[in-house]
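What follows is a single structure, written as C-alpha cells, with notes after it.
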Amino acid sequence: MDVSIVVIGDELLIGQVTDTNSGFIARQMAPYGWQVRDVQVVADDSEAITTAIDRAFSRSRVVITTGGLGPTKDDITKEVLRGYFGGEMQFVGEVLENIKVIFSKRGLQLNDLTEAQAMVPSSARVIQNRVGTAPIMWFEDVVRERVLVAMPGVPFETSEMFVSEVFPQLLAKFPGSGAVAHHTVMVEGISESALATILEPWETALPDYLHLAYLPKPGLIRLRLDGHHADGDFLNGEVEHYAKELIGLCGEHFLYDGDRTPAEILLERLGEKGLSVATAESCTGGNIAHLITMVPGSSVSMLGGVVSYSNDVKHRVLGVKNETLAEYGAVSIPVVEQMAEGARRVTGADVSIATSGIAGPGGGSDEKPVGTVCIAVATPNGVKSHTYRFPGNRERVIDRASATGLIMAVRAVCDIKI
C-alpha cells in the first residue's frame with residue numbers, strides 16, 4: 001500500500017522544528033509492506049494544504065497529515081479539512097472529556113482555546129488522542145475508497161497514537177495481499193561501499209521476491225532483508241536461509257543477528273554473562289551512559305558513570321596520573337586507558353568504557369585534529385584501546401564516538417570467558 005504524508009507547519013519551513021514524524025511513520029509501516037510514496041512539507045496556509053492533499057491523493061489511497069491541529073489561530077488544518085471533505089463543525093463531548101483528563105494529569109487550567117479543540121468536522125470520525133488534546137480525525141471517501149488521517153504534529157503524540165490506534169485501523173481497512181517478512185543483520189567496521197562490493201554478486205542473485213536494504217547508522221550498518229510472497233511459510237523459510245548466507249558473507253564485520261541499538265546489544269551480552277558496566281567519559285559528556293540507561297532494565301548491568309571533562313577530575317576521581325596527562329595530553333591512549341581502569345576501580349564494574357577526544361569545532365591541532373577520539377574498554381582480560389578520526393560536526397563526532405565505544409565493549413564482552 002502506498003501512503004502519502006503531508007507535514008503542516010510554518011515552523012518546519014523556517015527551520016525552527018525538524019520533521020521527525022514522517023520518518024517514524026515510514027519505519028513503522030515498512031515491515032508490513034506499506035511504503036511512503038512522497039512527503040510534502042507545507043505552511044499553515046489553506047491553499048497550500050489543499051493543493052498538497054490533492055497531490056497526495058493523486059498518488060496514494062491513504063494520506064496522513066501531521067500538524068496544524070493546535071488551539072491557536074495559525075492552526076488551520078481542521079477548518080481546511082472541513083472545507084475539503086464537507087460537513088459542519090460540531091461539538092464532540094467525548095473529546096472535551098479527554099481534554100479535561102489530559103489537563104488534570106498535567107495540573108493545568110482549561111481555557112477557552114483548548115476547549116474549542118472539541119469542535120470537530122461532522123465529516124470526520126474521531127480517534128481519541130490519549131496523550132494530547134488535539135483529536136485525531138479520520139476522513140473517509142467511501143466512493144473512491146480512500147482515507148485521510150489528520151494527526152497532531154507533536155512527535156510523541158504522533159508516535160504513540162500511530163502505533164497504538166491509527167496504523168492498526170489502517171491495516172484493518174486495507175488488508176494487504178500476500179505475506180511480508182524481514183530480517184535485519186548488524187554489521188560494523190566496514191564502509192557501506194566496501195560492504196556493497198563484497199555482497200554485490202550475492203545480492204544480484206537474490207530471487208525477485210527478496211530485496212536487501214542498506215541502512216547506515218553511526219558506527220554500524222543495518223542490513224535488512226525484505227521479502228514479499230503469496231506463501232508466508234515459504235517466504236519465512238527463504239528469508240531465514242538467505243539471512244544465514246548474509247551473515248556468513250559479512251565475516252568478521254558481523255555484529256548481531258537482529259535489529260537492536262549498540263546499547264541494547266551490549267546489555268544483552270552483559271546479561272548473558274552476569275556482568276556489569278560503567279563509563280568514564282570526557283568528550284562524549286555522558287552520552288554513552290545516557291544511551292545505556294535509555295534501555296529499560298539497564299539497571300541490572302549499569303553501575304554508574306563519571307563525566308571527567310577536566311584533567312583534575314580525571315586525576316582525582318579516576319586516578320589518571322598527572323605525569324601521564326603532562327606527557328601525552330588528555331586526548332591520548334595512555335590517559336583513556338587509565339580512565340577505563342579507574343572507572344572499573346571506583347564503580348566495581350566488570351567492564352568499563354572510556355572516551356577522550358576533540359569534538360570541535362575548536363581545539364584541534366595538526367597532530368590531533370578535530371574528530372580525534374581515543375576510546376578504551378577495560379575488562380578482566382585487560383584493556384583494549386584505539387584512536388579514531390571521526391568526520392563531521394560536534395554532534396556527529398559525539399554520536400560516532402558513543403556508538404563505537406559501545407561496539408568495542410560488545411566485542412570485549414564476547415571475549416570474556418565465564
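Residue names in the C-alpha cells use chain letters A, B, ... in the order shown, residue numbers from 1 in each chain, and ligand numbers from 1 in the order shown.
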Residues at most 8 Å from Ser159 of chain A, counting only C-alpha atoms, excluding those fewer than 5 positions away in the same chain, as number ranges by chain?
A: 21, 24-25
Can I get the residues of segment 255-357 of chain A within 12 Å of segment 225-233 of chain A, each with the closest pair of atoms and their distance in Å to one decimal, using only C-alpha atoms, sorted chain first then ascending number, as a Markdown table?
```
| residue | atom | partner | partner_atom | distance |
| --- | --- | --- | --- | --- |
| A:Asp257 | CA | A:Leu225 | CA | 11.8 |
| A:Gly258 | CA | A:Leu225 | CA | 10.9 |
| A:Asp259 | CA | A:Leu225 | CA | 11.4 |
```
Got time to write the residues from that selection, C-alpha atoms, as a short mmCIF file (atom, residue, chain, number, x, y, z; two decimals), in the first residue's frame?
```
data_model
loop_
_atom_site.label_atom_id
_atom_site.label_comp_id
_atom_site.auth_asym_id
_atom_site.auth_seq_id
_atom_site.Cartn_x
_atom_site.Cartn_y
_atom_site.Cartn_z
CA ASP A 257 21.59 -11.06 14.25
CA GLY A 258 18.59 -8.77 14.75
CA ASP A 259 17.70 -5.10 14.91
#
```
I need the residues of segment 93-122 of chain A that end up classed as alpha helix (DSSP H) by DSSP on the backbone, written out as a VMD selection string.
chain A and resid 93 to 106 112 to 115
Can I get the residues of segment 231-345 of chain A within 12 Å of segment 197-213 of chain A, each with the closest pair of atoms and their distance in Å to one decimal, using only C-alpha atoms, sorted chain first then ascending number, as a Markdown table?
```
| residue | atom | partner | partner_atom | distance |
| --- | --- | --- | --- | --- |
| A:Asp231 | CA | A:Tyr209 | CA | 11.0 |
| A:Gly232 | CA | A:Tyr209 | CA | 11.7 |
| A:Phe234 | CA | A:Tyr209 | CA | 11.1 |
| A:Leu235 | CA | A:Tyr209 | CA | 8.5 |
| A:Asn236 | CA | A:Leu210 | CA | 10.9 |
| A:Gly237 | CA | A:Leu210 | CA | 11.9 |
| A:Glu238 | CA | A:Leu210 | CA | 8.7 |
| A:Val239 | CA | A:Leu210 | CA | 7.7 |
| A:Glu240 | CA | A:Leu210 | CA | 11.4 |
| A:His241 | CA | A:Leu206 | CA | 11.5 |
| A:Tyr242 | CA | A:Leu206 | CA | 8.5 |
| A:Ala243 | CA | A:Leu212 | CA | 10.0 |
| A:Glu245 | CA | A:Trp202 | CA | 8.9 |
| A:Leu246 | CA | A:Leu199 | CA | 8.1 |
| A:Ile247 | CA | A:Leu199 | CA | 10.6 |
| A:Gly248 | CA | A:Leu199 | CA | 10.7 |
| A:Leu249 | CA | A:Leu199 | CA | 7.1 |
| A:Cys250 | CA | A:Ile198 | CA | 8.2 |
| A:Gly251 | CA | A:Ile198 | CA | 10.4 |
| A:His253 | CA | A:Ile198 | CA | 11.6 |
```
Let me make sure I understand: among A:Val331, A:Ala326, A:Ala343, A:Val41, which one has the smallest atom-to-atom distance to Gly305 of chain A if we use only C-alpha atoms?
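Counting only C-alpha atoms, the residue closest to Gly305 of chain A is A:Ala343.
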Could you check which of A:Asn111, A:Ser164, A:Thr158, A:Ser402 is closest to Asp19 of chain A, using only C-alpha atoms?
A:Thr158
For Pro121 of chain A, which of A:Ala172, A:Ala56, A:Val143, A:Val92 is the closest residue, counting only C-alpha atoms?
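Closest residue, counting only C-alpha atoms: A:Val92.
Candidate residues A:Gly392, A:Gly33, A:Pro152, A:Gly297 were compared for distance to Ala359 of chain A, and the nearest is A:Gly392, using only C-alpha atoms.
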Which residues are close to Val187 of chain A, i.e. within 8 Å by only C-alpha atoms, leaving aside same-chain residues fewer than 5 positions away? Reply as a list in words.
Leu220, Ile221, Arg222, Leu223, Cys250, His253, Phe254, Leu255 and Tyr256 of chain A
Hey, can you check how far atom CA of Pro361 of chain A sits from atom CA of Arg396 of chain A?
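Here the two named atoms are 11.3 Å from each other.
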Compile the contact shell of Thr51 of chain A as an mmCIF file with all heavy atoms, in the first residue's frame: residues with an atom at most 12 Å away, counting only C-alpha atoms, same-chain residues fewer than 6 positions apart removed.
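Once written, part-v6.cif looks like this:
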```
data_model
loop_
_atom_site.group_PDB
_atom_site.id
_atom_site.type_symbol
_atom_site.label_atom_id
_atom_site.label_comp_id
_atom_site.auth_asym_id
_atom_site.auth_seq_id
_atom_site.Cartn_x
_atom_site.Cartn_y
_atom_site.Cartn_z
ATOM 1 N N VAL A 6 1.575 14.506 4.436
ATOM 2 C CA VAL A 6 1.604 15.964 4.337
ATOM 3 C C VAL A 6 1.933 16.508 5.719
ATOM 4 O O VAL A 6 1.168 16.329 6.670
ATOM 5 C CB VAL A 6 0.271 16.543 3.832
ATOM 6 C CG1 VAL A 6 0.350 18.069 3.764
ATOM 7 C CG2 VAL A 6 -0.090 15.961 2.465
ATOM 8 N N GLN A 40 5.303 15.795 1.691
ATOM 9 C CA GLN A 40 5.251 17.218 1.387
ATOM 10 C C GLN A 40 5.239 18.008 2.692
ATOM 11 O O GLN A 40 4.525 17.659 3.625
ATOM 12 C CB GLN A 40 3.988 17.562 0.592
ATOM 13 C CG GLN A 40 3.835 16.802 -0.725
ATOM 14 C CD GLN A 40 2.490 17.092 -1.360
ATOM 15 O OE1 GLN A 40 2.245 18.186 -1.878
ATOM 16 N NE2 GLN A 40 1.603 16.102 -1.319
ATOM 17 N N VAL A 41 6.028 19.061 2.736
ATOM 18 C CA VAL A 41 6.033 19.960 3.887
ATOM 19 C C VAL A 41 5.455 21.292 3.431
ATOM 20 O O VAL A 41 5.969 21.917 2.497
ATOM 21 C CB VAL A 41 7.462 20.161 4.435
ATOM 22 C CG1 VAL A 41 7.435 21.083 5.649
ATOM 23 C CG2 VAL A 41 8.085 18.824 4.811
ATOM 24 N N VAL A 42 4.368 21.723 4.071
ATOM 25 C CA VAL A 42 3.670 22.932 3.631
ATOM 26 C C VAL A 42 3.410 23.862 4.811
ATOM 27 O O VAL A 42 3.431 23.458 5.972
ATOM 28 C CB VAL A 42 2.328 22.598 2.939
ATOM 29 C CG1 VAL A 42 2.564 21.740 1.708
ATOM 30 C CG2 VAL A 42 1.379 21.899 3.899
ATOM 31 N N ALA A 43 3.153 25.128 4.484
ATOM 32 C CA ALA A 43 2.898 26.147 5.501
ATOM 33 C C ALA A 43 1.475 26.035 6.033
ATOM 34 O O ALA A 43 0.624 25.319 5.484
ATOM 35 C CB ALA A 43 3.129 27.538 4.900
ATOM 36 N N ASP A 45 -1.245 27.353 5.575
ATOM 37 C CA ASP A 45 -1.928 28.151 4.556
ATOM 38 C C ASP A 45 -2.972 27.265 3.888
ATOM 39 O O ASP A 45 -2.648 26.158 3.429
ATOM 40 C CB ASP A 45 -0.920 28.665 3.534
ATOM 41 C CG ASP A 45 -1.571 29.415 2.386
ATOM 42 O OD1 ASP A 45 -1.851 30.617 2.545
ATOM 43 O OD2 ASP A 45 -1.818 28.790 1.333
ATOM 44 N N PHE A 57 -3.477 12.625 -2.789
ATOM 45 C CA PHE A 57 -4.492 11.666 -3.208
ATOM 46 C C PHE A 57 -4.302 11.220 -4.657
ATOM 47 O O PHE A 57 -4.768 10.146 -5.044
ATOM 48 C CB PHE A 57 -5.886 12.257 -3.019
ATOM 49 C CG PHE A 57 -6.480 12.012 -1.652
ATOM 50 C CD1 PHE A 57 -7.098 13.027 -0.954
ATOM 51 C CD2 PHE A 57 -6.425 10.743 -1.075
ATOM 52 C CE1 PHE A 57 -7.665 12.801 0.299
ATOM 53 C CE2 PHE A 57 -6.979 10.499 0.175
ATOM 54 C CZ PHE A 57 -7.591 11.531 0.860
ATOM 55 N N SER A 58 -3.642 12.020 -5.469
ATOM 56 C CA SER A 58 -3.373 11.600 -6.847
ATOM 57 C C SER A 58 -2.346 10.477 -6.897
ATOM 58 O O SER A 58 -2.213 9.795 -7.916
ATOM 59 C CB SER A 58 -2.875 12.788 -7.673
ATOM 60 O OG SER A 58 -1.557 13.157 -7.319
ATOM 61 N N VAL A 80 -9.564 23.615 7.228
ATOM 62 C CA VAL A 80 -9.288 23.289 5.823
ATOM 63 C C VAL A 80 -9.861 21.919 5.472
ATOM 64 O O VAL A 80 -10.467 21.722 4.415
ATOM 65 C CB VAL A 80 -7.771 23.326 5.545
ATOM 66 C CG1 VAL A 80 -7.471 22.799 4.142
ATOM 67 C CG2 VAL A 80 -7.233 24.745 5.686
ATOM 68 N N LEU A 81 -9.696 20.952 6.368
ATOM 69 C CA LEU A 81 -10.216 19.610 6.122
ATOM 70 C C LEU A 81 -11.747 19.592 6.122
ATOM 71 O O LEU A 81 -12.364 18.832 5.368
ATOM 72 C CB LEU A 81 -9.670 18.646 7.168
ATOM 73 C CG LEU A 81 -8.158 18.381 7.080
ATOM 74 C CD1 LEU A 81 -7.692 17.537 8.262
ATOM 75 C CD2 LEU A 81 -7.803 17.683 5.770
ATOM 76 N N TYR A 84 -12.632 20.699 2.785
ATOM 77 C CA TYR A 84 -12.249 19.718 1.760
ATOM 78 C C TYR A 84 -13.239 18.551 1.714
ATOM 79 O O TYR A 84 -13.644 18.105 0.636
ATOM 80 C CB TYR A 84 -10.841 19.193 2.059
ATOM 81 C CG TYR A 84 -10.203 18.449 0.909
ATOM 82 C CD1 TYR A 84 -9.363 19.103 0.016
ATOM 83 C CD2 TYR A 84 -10.414 17.079 0.721
ATOM 84 C CE1 TYR A 84 -8.763 18.427 -1.037
ATOM 85 C CE2 TYR A 84 -9.819 16.393 -0.311
ATOM 86 C CZ TYR A 84 -8.998 17.073 -1.201
ATOM 87 O OH TYR A 84 -8.417 16.398 -2.251
#
```
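Closest approach to Pro380 of chain A among A:Leu303, A:Ile14, A:Leu275, A:Leu291 is made by A:Leu275 (distances from only C-alpha atoms).
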For Arg345 of chain A, which residue among A:Asn311, A:Thr293, A:Asn381, A:Thr279 is the nearest when counting only C-alpha atoms?
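Among A:Asn311, A:Thr293, A:Asn381, A:Thr279, it is A:Thr279 that comes nearest to Arg345 of chain A.
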Long-range neighbours of Phe85 of chain A as a VMD selection string, 10 Å cut-off, only C-alpha atoms, 3 positions minimum in chain
chain A and resid 80 to 82 88 121 to 124 139 to 141 148
Quick one: residues within 12 Å of segment 362-375 of chain A, only C-alpha atoms counted, chain neighbours fewer than 5 positions away excluded, as a short mmCIF file (atom, residue, chain, number, x, y, z; two decimals) with N, CA, C and O atoms, in the first residue's frame?
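Contents of the output file out_7.cif:
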```cif
data_model
loop_
_atom_site.label_atom_id
_atom_site.label_comp_id
_atom_site.auth_asym_id
_atom_site.auth_seq_id
_atom_site.Cartn_x
_atom_site.Cartn_y
_atom_site.Cartn_z
N THR A 279 31.00 3.72 32.91
CA THR A 279 31.59 4.58 31.89
C THR A 279 32.45 5.66 32.53
O THR A 279 32.22 6.07 33.66
N ALA A 280 33.44 6.10 31.74
CA ALA A 280 34.27 7.25 32.12
C ALA A 280 34.40 8.10 30.86
O ALA A 280 35.15 7.75 29.95
N GLU A 281 33.67 9.20 30.80
CA GLU A 281 33.56 9.95 29.55
C GLU A 281 34.09 11.37 29.68
O GLU A 281 33.82 12.06 30.65
N SER A 282 34.82 11.76 28.66
CA SER A 282 35.26 13.14 28.56
C SER A 282 34.53 13.80 27.38
O SER A 282 33.51 14.46 27.57
N CYS A 283 34.98 13.57 26.15
CA CYS A 283 34.40 14.27 25.00
C CYS A 283 32.94 13.89 24.74
O CYS A 283 32.18 14.69 24.19
N THR A 284 32.52 12.69 25.12
CA THR A 284 31.13 12.28 24.90
C THR A 284 30.20 12.78 26.00
O THR A 284 28.97 12.63 25.88
N ILE A 288 27.29 8.11 26.38
CA ILE A 288 27.29 6.65 26.39
C ILE A 288 26.44 6.14 27.56
O ILE A 288 25.62 5.23 27.40
N TYR A 328 51.48 13.05 27.67
CA TYR A 328 50.76 12.63 26.46
C TYR A 328 49.57 13.53 26.12
O TYR A 328 49.08 13.51 24.99
N GLY A 329 49.07 14.31 27.07
CA GLY A 329 47.88 15.11 26.84
C GLY A 329 46.63 14.30 27.15
O GLY A 329 46.64 13.06 27.17
N ALA A 330 45.53 15.01 27.39
CA ALA A 330 44.27 14.34 27.77
C ALA A 330 43.75 13.44 26.67
O ALA A 330 43.15 12.39 26.95
N VAL A 331 43.95 13.83 25.42
CA VAL A 331 43.48 13.01 24.29
C VAL A 331 44.62 12.10 23.87
O VAL A 331 45.44 12.41 22.99
N SER A 332 44.70 10.96 24.52
CA SER A 332 45.78 10.02 24.27
C SER A 332 45.38 8.64 24.75
O SER A 332 44.52 8.49 25.63
N ILE A 333 46.04 7.64 24.20
CA ILE A 333 45.75 6.26 24.60
C ILE A 333 46.14 6.00 26.05
O ILE A 333 45.35 5.40 26.81
N PRO A 334 47.31 6.43 26.53
CA PRO A 334 47.63 6.17 27.94
C PRO A 334 46.61 6.76 28.91
O PRO A 334 46.25 6.12 29.91
N VAL A 335 46.12 7.96 28.61
CA VAL A 335 45.14 8.60 29.50
C VAL A 335 43.81 7.86 29.46
O VAL A 335 43.20 7.57 30.50
N VAL A 336 43.32 7.54 28.28
CA VAL A 336 42.00 6.91 28.20
C VAL A 336 42.03 5.50 28.78
O VAL A 336 41.04 5.03 29.34
N GLU A 337 43.18 4.83 28.68
CA GLU A 337 43.29 3.51 29.30
C GLU A 337 43.23 3.62 30.82
O GLU A 337 42.58 2.80 31.49
N GLN A 338 43.89 4.62 31.37
CA GLN A 338 43.83 4.82 32.82
C GLN A 338 42.43 5.25 33.26
O GLN A 338 41.98 4.89 34.36
N MET A 339 41.74 6.00 32.43
CA MET A 339 40.35 6.36 32.74
C MET A 339 39.48 5.11 32.83
O MET A 339 38.66 4.97 33.74
N ALA A 340 39.66 4.21 31.86
CA ALA A 340 38.86 2.98 31.85
C ALA A 340 39.15 2.12 33.07
O ALA A 340 38.24 1.59 33.72
N SER A 352 34.30 -1.49 31.56
CA SER A 352 34.15 -0.03 31.52
C SER A 352 34.51 0.49 30.14
O SER A 352 35.33 -0.09 29.43
N ILE A 353 33.88 1.61 29.78
CA ILE A 353 34.12 2.28 28.50
C ILE A 353 34.60 3.69 28.80
O ILE A 353 33.96 4.41 29.58
N ALA A 354 35.71 4.10 28.19
CA ALA A 354 36.23 5.44 28.42
C ALA A 354 36.48 6.14 27.10
O ALA A 354 36.90 5.51 26.12
N THR A 355 36.23 7.46 27.09
CA THR A 355 36.45 8.26 25.88
C THR A 355 37.16 9.56 26.24
O THR A 355 36.90 10.14 27.30
N SER A 356 38.04 10.00 25.34
CA SER A 356 38.66 11.32 25.47
C SER A 356 39.00 11.79 24.06
O SER A 356 39.66 11.06 23.31
N GLY A 357 38.52 12.98 23.70
CA GLY A 357 38.75 13.41 22.33
C GLY A 357 38.47 14.88 22.12
O GLY A 357 38.25 15.64 23.07
N VAL A 383 42.91 -4.21 28.94
CA VAL A 383 42.39 -3.01 28.31
C VAL A 383 42.68 -3.05 26.81
O VAL A 383 43.81 -3.34 26.39
N LYS A 384 41.63 -2.73 26.03
CA LYS A 384 41.80 -2.57 24.58
C LYS A 384 41.46 -1.12 24.23
O LYS A 384 40.48 -0.57 24.74
N SER A 385 42.26 -0.54 23.36
CA SER A 385 42.07 0.88 23.05
C SER A 385 42.41 1.15 21.59
O SER A 385 43.10 0.37 20.94
N HIS A 386 41.91 2.30 21.13
CA HIS A 386 42.18 2.68 19.74
C HIS A 386 41.93 4.18 19.59
O HIS A 386 41.06 4.75 20.27
N THR A 387 42.67 4.81 18.68
CA THR A 387 42.44 6.21 18.34
C THR A 387 41.72 6.30 17.00
O THR A 387 42.14 5.68 16.02
N TYR A 388 40.63 7.05 16.99
CA TYR A 388 39.80 7.19 15.79
C TYR A 388 39.83 8.63 15.28
O TYR A 388 40.13 9.57 16.02
N ARG A 389 39.52 8.79 14.02
CA ARG A 389 39.33 10.10 13.41
C ARG A 389 37.92 10.14 12.84
O ARG A 389 37.65 9.57 11.79
N PHE A 390 37.01 10.78 13.55
CA PHE A 390 35.62 10.82 13.13
C PHE A 390 35.33 12.13 12.38
O PHE A 390 35.66 13.21 12.88
N PRO A 391 34.71 12.05 11.22
CA PRO A 391 34.38 13.27 10.47
C PRO A 391 33.09 13.91 10.97
O PRO A 391 32.32 13.29 11.70
N GLY A 392 32.85 15.15 10.55
CA GLY A 392 31.58 15.79 10.83
C GLY A 392 31.66 16.83 11.94
O GLY A 392 32.73 17.13 12.47
N ASN A 393 30.49 17.35 12.28
CA ASN A 393 30.41 18.39 13.31
C ASN A 393 30.46 17.77 14.71
O ASN A 393 30.61 16.56 14.88
N ARG A 394 30.34 18.62 15.71
CA ARG A 394 30.45 18.18 17.10
C ARG A 394 29.47 17.06 17.44
O ARG A 394 29.84 16.04 18.04
N GLU A 395 28.21 17.25 17.04
CA GLU A 395 27.19 16.25 17.35
C GLU A 395 27.52 14.92 16.71
O GLU A 395 27.37 13.86 17.33
N ARG A 396 27.97 14.97 15.46
CA ARG A 396 28.27 13.72 14.75
C ARG A 396 29.48 13.00 15.37
O ARG A 396 29.48 11.77 15.50
N VAL A 397 30.48 13.77 15.76
CA VAL A 397 31.65 13.16 16.40
C VAL A 397 31.25 12.46 17.70
O VAL A 397 31.66 11.33 17.97
N ILE A 398 30.42 13.12 18.49
CA ILE A 398 29.96 12.53 19.75
C ILE A 398 29.14 11.26 19.48
O ILE A 398 29.31 10.24 20.16
N ASP A 399 28.25 11.33 18.49
CA ASP A 399 27.43 10.16 18.16
C ASP A 399 28.30 8.98 17.71
O ASP A 399 28.08 7.84 18.13
N ARG A 400 29.26 9.27 16.83
CA ARG A 400 30.12 8.19 16.32
C ARG A 400 30.99 7.62 17.44
O ARG A 400 31.17 6.40 17.53
N ALA A 401 31.53 8.49 18.28
CA ALA A 401 32.37 8.01 19.37
C ALA A 401 31.56 7.16 20.35
O ALA A 401 32.04 6.12 20.83
N SER A 402 30.34 7.58 20.63
CA SER A 402 29.49 6.83 21.56
C SER A 402 29.16 5.45 21.01
O SER A 402 29.28 4.44 21.73
N ALA A 403 28.75 5.40 19.75
CA ALA A 403 28.42 4.11 19.13
C ALA A 403 29.63 3.20 19.07
O ALA A 403 29.55 2.00 19.35
N THR A 404 30.78 3.78 18.71
CA THR A 404 31.99 2.98 18.59
C THR A 404 32.42 2.42 19.94
O THR A 404 32.84 1.26 20.05
N GLY A 405 32.32 3.24 21.00
CA GLY A 405 32.65 2.76 22.33
C GLY A 405 31.77 1.59 22.76
O GLY A 405 32.26 0.60 23.33
N LEU A 406 30.49 1.71 22.48
CA LEU A 406 29.57 0.63 22.82
C LEU A 406 29.88 -0.65 22.05
O LEU A 406 29.85 -1.76 22.59
N ILE A 407 30.19 -0.49 20.76
CA ILE A 407 30.51 -1.66 19.92
C ILE A 407 31.82 -2.31 20.38
O ILE A 407 31.93 -3.54 20.43
N MET A 408 32.81 -1.48 20.72
CA MET A 408 34.05 -2.04 21.26
C MET A 408 33.77 -2.86 22.52
O MET A 408 34.36 -3.93 22.73
N ALA A 409 32.86 -2.36 23.34
CA ALA A 409 32.52 -3.08 24.57
C ALA A 409 31.83 -4.40 24.27
O ALA A 409 32.07 -5.41 24.94
#
```
